[in-house]
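Working notes, structure below.
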Amino acid sequence: MNQLRSLARKPWFGPLIALVVVYLVFLAWTPDAFSRPVTLITMARQTVVVGTAAVGMTLVILLGGIDLSVGSLVALTTVVAARVLQGGSGPEVAALAGIAAATAVGALNGGLIVGLRVTPFLITLGTMSILRGAAKGLANEQKIDAPTRGLEKLTTLGPGREWMMLPPSVWMWLVLAAVFAFVLRYSVFGKHAQAVGSNERTARLAGVHVGRVKVYTYALAGMLAGIAGIMELSTLTVGDPTDSIGLELSVIASVVIGGGSLSGGQGSIGGSLLGALLMTVIRTGCTQVGLPNWVQEILTGAIIIVATGIDSARRRRPA
Amino acid sequence: MTAPRLRFSNVKKSFGATKALRGVTFEASAGEIHAIVGENGAGKSTLMNVLAGAIAPDGGEVEIDGVAHRPSGPLAAREAGVAMVHQELSLCPHLTVAENIFLGMEPSRFGVVDRQAMIAGAEKALSEVMPEGAAEGHETGLHAQAIVGELPPSARQLVEIARALAHPSCKVLVLDEPTSSLSARESLRLFEGMKRLAGRGLTVLFISHFLEEVLSVADRYTVLRDGESVGSGETASVTVESLVEKMAGRRGEEVYPARAERAVGEVVLSLANVAGAVRPKEATLELRRGEILGLFGLVGSGRTELLRAVFGLDPVVRGEVRVGAYQGPSSPGQRLSQGVGLLSEDRAGEGVALSLSIADNVTMSAAGRLVRYGLLWPAAQLREASRWVERLGIKARSPEAEVGSLSGGNQQKVALGRLLSRDVDVLLLDEPTRGIDVTSKAQIYRLLSELAGKGKAILMVSSYLPELLGVCDRLAIMSRGALGPLREVAGLREEDVLREATGA
């Protein structure tokens with residue numbers, strides 16, 4: 001009983017229950033569609049972009065920050081990588097170039113936040129627009145139709161690769177999530193990021209290099225957004241500067257549904273993963289049973305409010 | 001015989017299995033300053049929350065002027081004449097003094113705030129707490145239209161009291177630890193104000209950890225212990241020792257540790273003509289191993305700023321800071337690696353991270369030392385934290401407990417544990433015993449004496465002079481940003497030090 005109660009206090013417990021319940025509801029509604037492995041694989045594949053960016057956003061939100069530039073950064077990454085492919089390079093080089101650019105942009109976000117002492121909301125609101133503009137400029141305001149040279153295989157489970165069970169991008173996402181969950185729990189950097197999010201002044205007093213921790217965190221979030229951008233490019237097969245508008249809101253929603261607190265210090269990678277999956281299941285489920293788009297949007301919004309409301313009520317009750 | 005102004009009879013309250021109040025009985029009459037004393041956790045806050053309508057009691061009766069007082073909430077309690085000034089100031093920093101005073105009861109006509117009436121009312125309320133009126137207001141910048149966030153803490157305290165008085169039916173004024181953020185002179189001014197209000201027939205309930213204060217300002221007292229009232233009486237007939245005895249329920253332990261001869265070693269911290277951006281203006285001192293130095297000064301004298309500048313949290317504009325062989329300014333992180341640690345005066349805001357565990361807090365500075373194979377293992381953190389939980393006598397369920405769930409004294413021990421876990425040689429302690437109970441204070445004094453005996457160097461800032469005289473070897477007075485010479489504590493008289501610090 002005690003074990004059960006301590007399990008129920010884990011931050012990812014609520015989103016897990018919600019995910020299972022929503023899945024079972026749709027399973028009962030459309031048993032054939034929702035029990036087919038292909039539906040599950042499709043849903044996982046549709047979650048990777050938001051899910052990977054959400055891993056980075058979890059770090060940022062734990063730190064007490066926010067990153068609104070994620071959507072623009074994903075689009076910029078697709079454009080950068082497509083340009084490199086266009087120049088004749090292989091997919092590995094293109095992916096690395098895109099991810100490196102995104103990491104640099106993330107570090108820039110962090111550097112501006114620390115250097116100018118402006119709140120993350122405003123800095124990333126600014127870079128959100130700057131990056132979108134840069135992506136459009138770099139792409140001459142068009143989609144870049146570059147040869148993908150095998151990059152498209154990242155998100156598909158082609159013939160001969162059925163043994164992988166899930167597309168490589170999904171595995172990549174899960175591994176990244178595991179790695180960063182590990183980093184948060186077992187590394188000095190992870191502990192310091194949480195300490196800054198919990199109480200920045202205390203962290204500074206304790207000798208934590210607060211500025212450095214912030215820059216690293218935003219750089220890591222940029223890197224993860226870059227990886228998400230490569231996955232997006234693999235799905236789209238073109239570099240698109242107008243892609244992923246508003247993606248940052250889905251990413252933030254995933255983290256918040258997963259137990260993250262915008263005032264910092266709270267959140268978990270596992271929770272964010274479940275939050276991202278929950279939103280995909282709702283979207284897919286609604287499509288499967290033929291509910292129109294507007295119902296999906298209302299449902300997603302309601303889930304965000306209900307999830308955060310339950311979380312807040314749970315916190316107010318003494319443990 | 002008429003009913004007393006305020007009467008508690010056998011008031012009880014439980015939270016789950018915890019009995020916060022086991023039965024509190026006492027009376028206070030009109031025009032009386034009545035002190036409530038007790039250790040942290042004795043039930044003082046719960047009792048005041050019952051009076052202020054924030055908590056409903058499980059049993060017993062509270063009466064005001066013979067009428068049962070069962071407020072449905074804080075607003076109803078205020079209507080019934082109970083005004084409360086909280087320990088943590090609860091003003092809105094962005095609003096003006098007048099807006100704060102009338103918050104929740106703004107004079108209005110057809111839903112539009114009557115600004116003139118509000119400002120006039122605020123001025124009237126302010127004049128009652130500041131008899132010298134405009135002259136005094138000019139000194140502190142306190143007037144009806146000042147922005148509260150721009151006022152010094154002592155002026156904000158006055159605004160709180162003015163807010164309490166502004167309500168027409170105010171009969172009982174509750175002051176919860178009103179002097180913990182005030183300087184000695186500001187405290188004296190507050191006490192004069194309290195006496196004046198009592199003289200007008202108000203009952204003042206006064207909660208304080210400073211027993212000397214209690215004896216000098218209160219007419220009567222009630223001691224709470226473990227949720228029970230264990231004695232009331234005239235303050236004229238008790239001493240600090242006998243009050244401590246009643247609070248602790250045993251023969252009052254010697255609060256300050258016996259003075260031991262300590263071997264004084266080499267100089268580990270020396271300051272030469274150090275000046276910060278605004279304060280301090282001039283500070284020179286040498287701190288040696290095995291020494292406890294005290295810094296006494298009023299709030300605003302620059303003592304906190306001096307410690308922060310030494311630790312690298314505030315800039316050093318002029319002069320020289322030398323730590324062992326290191327010279328010049330450093331960041332807090334570098335200071336820690338040089339073996340200097342700072343304990344903040346703002347425990348909840350800076351000293352500890354309330355939402356993190358004891359283990360995370362204790363190991364926050366020393367995390368690097370616990371790393372094995374590039375990773376920080378929770379088991380190692382817990383082991384390290386358990387050591388300090390045991391060594392410092394921190395009362396908690398486990399080292400994984402959230403620091404926010406601990407009492408003030410235990411939180412402070414966690415903050416100290418962080419410095420000790422890092423094994424710093426120079427401890428800069430800013431108000432180490434502010435707002436914590438007598439038992440925890442005595443433990444901290446003993447710990448400091450032990451640490452000095454082991455060769456640590458301690459620089460301690462406090463606004464509570466008796467503790468500096470009781471614990472330190474030498475003492476320097478800070479006044480208007482300038483640090484005076486260090487003097488042996490033996491032979492110093494409290495009155496002389498106070499007079500010098502206030503510049504009188």
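FYI, nothing fancy with the structure tokens labels: chains A, B, ... in order, residues from 1 per chain, ligands from 1 as they appear.
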
- [ ] With a distance threshold of 7 Å and counting only C-alpha atoms, extract the residues of chain B near chain A and express them as a ChimeraX atom specification.
- [x] /B:332-333,336,350-353,355,364-365,367-368,375-377

Dump N, CA and C atoms for the selected residues as an mmCIF file, in the first residue's frame?
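Below you can see again.cif, which holds the result:
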```cif
data_model
loop_
_atom_site.group_PDB
_atom_site.id
_atom_site.type_symbol
_atom_site.label_atom_id
_atom_site.label_comp_id
_atom_site.auth_asym_id
_atom_site.auth_seq_id
_atom_site.Cartn_x
_atom_site.Cartn_y
_atom_site.Cartn_z
ATOM 1 N N PRO B 332 31.640 33.407 -6.209
ATOM 2 C CA PRO B 332 31.299 32.523 -5.090
ATOM 3 C C PRO B 332 31.888 31.113 -5.272
ATOM 4 N N GLY B 333 31.849 30.608 -6.515
ATOM 5 C CA GLY B 333 32.390 29.271 -6.754
ATOM 6 C C GLY B 333 33.873 29.198 -6.413
ATOM 7 N N LEU B 336 34.477 29.272 -2.659
ATOM 8 C CA LEU B 336 34.258 27.967 -2.032
ATOM 9 C C LEU B 336 35.477 27.085 -2.213
ATOM 10 N N GLU B 350 17.319 32.242 0.093
ATOM 11 C CA GLU B 350 18.647 32.056 -0.461
ATOM 12 C C GLU B 350 19.414 30.921 0.211
ATOM 13 N N GLY B 351 19.232 30.780 1.525
ATOM 14 C CA GLY B 351 20.048 29.834 2.282
ATOM 15 C C GLY B 351 19.859 28.398 1.856
ATOM 16 N N VAL B 352 18.603 27.995 1.650
ATOM 17 C CA VAL B 352 18.319 26.624 1.234
ATOM 18 C C VAL B 352 17.343 26.642 0.063
ATOM 19 N N ALA B 353 17.354 25.560 -0.727
ATOM 20 C CA ALA B 353 16.344 25.385 -1.772
ATOM 21 C C ALA B 353 15.226 24.557 -1.150
ATOM 22 N N SER B 355 12.385 23.342 -2.086
ATOM 23 C CA SER B 355 11.698 22.228 -2.750
ATOM 24 C C SER B 355 12.631 21.046 -2.995
ATOM 25 N N MET B 364 25.040 20.272 -2.236
ATOM 26 C CA MET B 364 25.027 21.160 -3.402
ATOM 27 C C MET B 364 26.403 21.781 -3.663
ATOM 28 N N SER B 365 27.139 22.110 -2.610
ATOM 29 C CA SER B 365 28.449 22.725 -2.806
ATOM 30 C C SER B 365 29.542 21.691 -3.006
ATOM 31 N N ALA B 367 29.186 18.646 -4.458
ATOM 32 C CA ALA B 367 28.799 17.585 -5.393
ATOM 33 C C ALA B 367 30.015 17.007 -6.113
ATOM 34 N N GLY B 368 30.948 17.891 -6.474
ATOM 35 C CA GLY B 368 32.119 17.438 -7.226
ATOM 36 C C GLY B 368 32.896 16.348 -6.507
ATOM 37 N N LEU B 375 29.901 10.312 -12.395
ATOM 38 C CA LEU B 375 28.488 10.409 -12.038
ATOM 39 C C LEU B 375 28.326 10.680 -10.547
ATOM 40 N N LEU B 376 27.200 11.314 -10.251
ATOM 41 C CA LEU B 376 26.876 11.632 -8.870
ATOM 42 C C LEU B 376 25.868 10.591 -8.392
ATOM 43 N N TRP B 377 26.299 9.689 -7.525
ATOM 44 C CA TRP B 377 25.414 8.601 -7.126
ATOM 45 C C TRP B 377 24.526 9.011 -5.964
#
```

Task: Spatial neighbours of A:Gly285, 8 Å, only C-alpha atoms, chain gap at least 3 places, as a list in words - done: Phe26, Phe34, Val281, Ile282, Gln288 and Val289 of chain A

TODO: Rank nothing, just name the residue among A:Ile123, A:Val114, A:Leu59, A:Val48 nearest to A:Val170, using only C-alpha atoms.
DONE: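 Looking only at the distances to A:Val170, the closest residue turns out to be A:Val48.
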
Open item on the list: Just checking: using only C-alpha atoms, which residue out of A:Leu131, A:Val179, A:Ala193, A:Leu224 ends up closest to A:Gly270?
Closed with: A:Val179

Open item on the list: Quick one: residues within 9 Å of stretch 77-80 of chain B, only C-alpha atoms, excluding same-chain residues fewer than 5 positions away - as a list in words?
Closed with: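 Counting only the stated atoms, we get Leu51, Ala52, Gly53, Ala54, Ile64, His69, Arg70, Pro71, Ser72, Ala164, His167, Pro168, Ser169, Cys170 and Lys171 of chain B.
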
Write out the residues from the selection above, keeping N, CA and C atoms, as a PDB file, in the first residue's frame.
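Done, and the output landed in selection33.pdb:
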```
ATOM      1  N   LEU B  51      -6.814  32.873  16.292  1.00  0.00           N
ATOM      2  CA  LEU B  51      -7.320  34.209  16.625  1.00  0.00           C
ATOM      3  C   LEU B  51      -7.636  35.005  15.360  1.00  0.00           C
ATOM      4  N   ALA B  52      -6.773  34.849  14.344  1.00  0.00           N
ATOM      5  CA  ALA B  52      -6.929  35.642  13.119  1.00  0.00           C
ATOM      6  C   ALA B  52      -7.901  35.006  12.131  1.00  0.00           C
ATOM      7  N   GLY B  53      -8.501  33.877  12.514  1.00  0.00           N
ATOM      8  CA  GLY B  53      -9.540  33.296  11.673  1.00  0.00           C
ATOM      9  C   GLY B  53      -9.040  32.442  10.523  1.00  0.00           C
ATOM     10  N   ALA B  54      -7.731  32.168  10.489  1.00  0.00           N
ATOM     11  CA  ALA B  54      -7.203  31.345   9.404  1.00  0.00           C
ATOM     12  C   ALA B  54      -7.404  29.870   9.696  1.00  0.00           C
ATOM     13  N   ILE B  64     -13.846  37.646  22.908  1.00  0.00           N
ATOM     14  CA  ILE B  64     -13.384  39.035  22.882  1.00  0.00           C
ATOM     15  C   ILE B  64     -14.454  39.877  23.548  1.00  0.00           C
ATOM     16  N   HIS B  69     -15.696  34.393  20.026  1.00  0.00           N
ATOM     17  CA  HIS B  69     -15.012  34.811  18.791  1.00  0.00           C
ATOM     18  C   HIS B  69     -14.804  33.562  17.938  1.00  0.00           C
ATOM     19  N   ARG B  70     -15.697  33.377  16.940  1.00  0.00           N
ATOM     20  CA  ARG B  70     -15.553  32.223  16.044  1.00  0.00           C
ATOM     21  C   ARG B  70     -15.603  32.730  14.606  1.00  0.00           C
ATOM     22  N   PRO B  71     -14.551  33.411  14.172  1.00  0.00           N
ATOM     23  CA  PRO B  71     -14.588  34.027  12.838  1.00  0.00           C
ATOM     24  C   PRO B  71     -14.618  32.961  11.750  1.00  0.00           C
ATOM     25  N   SER B  72     -15.332  33.262  10.670  1.00  0.00           N
ATOM     26  CA  SER B  72     -15.419  32.300   9.562  1.00  0.00           C
ATOM     27  C   SER B  72     -14.201  32.424   8.664  1.00  0.00           C
ATOM     28  N   ALA B 164      -3.071  47.571  10.144  1.00  0.00           N
ATOM     29  CA  ALA B 164      -3.861  46.917  11.183  1.00  0.00           C
ATOM     30  C   ALA B 164      -4.744  47.937  11.907  1.00  0.00           C
ATOM     31  N   HIS B 167      -8.321  49.774  10.482  1.00  0.00           N
ATOM     32  CA  HIS B 167      -9.665  49.229  10.586  1.00  0.00           C
ATOM     33  C   HIS B 167     -10.351  49.819  11.813  1.00  0.00           C
ATOM     34  N   PRO B 168     -11.551  50.363  11.649  1.00  0.00           N
ATOM     35  CA  PRO B 168     -12.184  51.109  12.744  1.00  0.00           C
ATOM     36  C   PRO B 168     -12.429  50.278  14.004  1.00  0.00           C
ATOM     37  N   SER B 169     -12.642  48.962  13.846  1.00  0.00           N
ATOM     38  CA  SER B 169     -13.011  48.193  15.031  1.00  0.00           C
ATOM     39  C   SER B 169     -11.823  47.501  15.687  1.00  0.00           C
ATOM     40  N   CYS B 170     -10.603  47.931  15.370  1.00  0.00           N
ATOM     41  CA  CYS B 170      -9.424  47.236  15.886  1.00  0.00           C
ATOM     42  C   CYS B 170      -9.347  47.232  17.414  1.00  0.00           C
ATOM     43  N   LYS B 171      -9.319  46.045  18.007  1.00  0.00           N
ATOM     44  CA  LYS B 171      -9.249  45.917  19.467  1.00  0.00           C
ATOM     45  C   LYS B 171      -8.007  45.161  19.902  1.00  0.00           C
TER      46      LYS B 171
END
```

Open item on the list: Residues near B:Gly470, anyone? I mean within 12 Å using only C-alpha atoms, not counting same-chain ones fewer than 4 positions away, as JSON, numbers by chain.
Closed with: {"B": [254, 255, 256, 257, 258, 259, 292, 293, 294, 441, 442, 445, 446, 448, 449, 462, 464, 465, 466, 474, 475, 488, 489, 490, 491, 492, 493, 494]}

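Omitting B:Gln381 and its sequence neighbours fewer than 5 positions away, and counting only C-alpha atoms, the residues within 8 Å are Ala359, Asp360, Thr363, Leu370 and Leu376 of chain B.
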
Task: Residues within 7 Å of stretch 231-247 of chain A, only C-alpha atoms, excluding chain neighbours under 5 positions, as a ChimeraX atom specification - done: /A:49,71-72,74-76,78-79,82,132,135-136,139,143-146,148,151-152,154-155,169

TODO: Can you work out which one of B:Ala275, B:Leu190, B:Ala415, B:Leu307 has the shortest atom-to-atom distance to B:Val461, counting only C-alpha atoms?
DONE: B:Leu307

TODO: Please return as a PyMOL selection string: the residues of stretch 68-208 of chain A that backbone DSSP assigns to alpha helix (DSSP H).
DONE: chain A and resi 70-86+91-116+120-138+168-186+188-198+200-205

Open item on the list: I'd like the interatomic distance between atom CA of B:Leu486 and atom CA of B:Asp473, to a tenth of an Å.
Closed with: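 Separation of atom CA of B:Leu486 and atom CA of B:Asp473: 9.7 Å.
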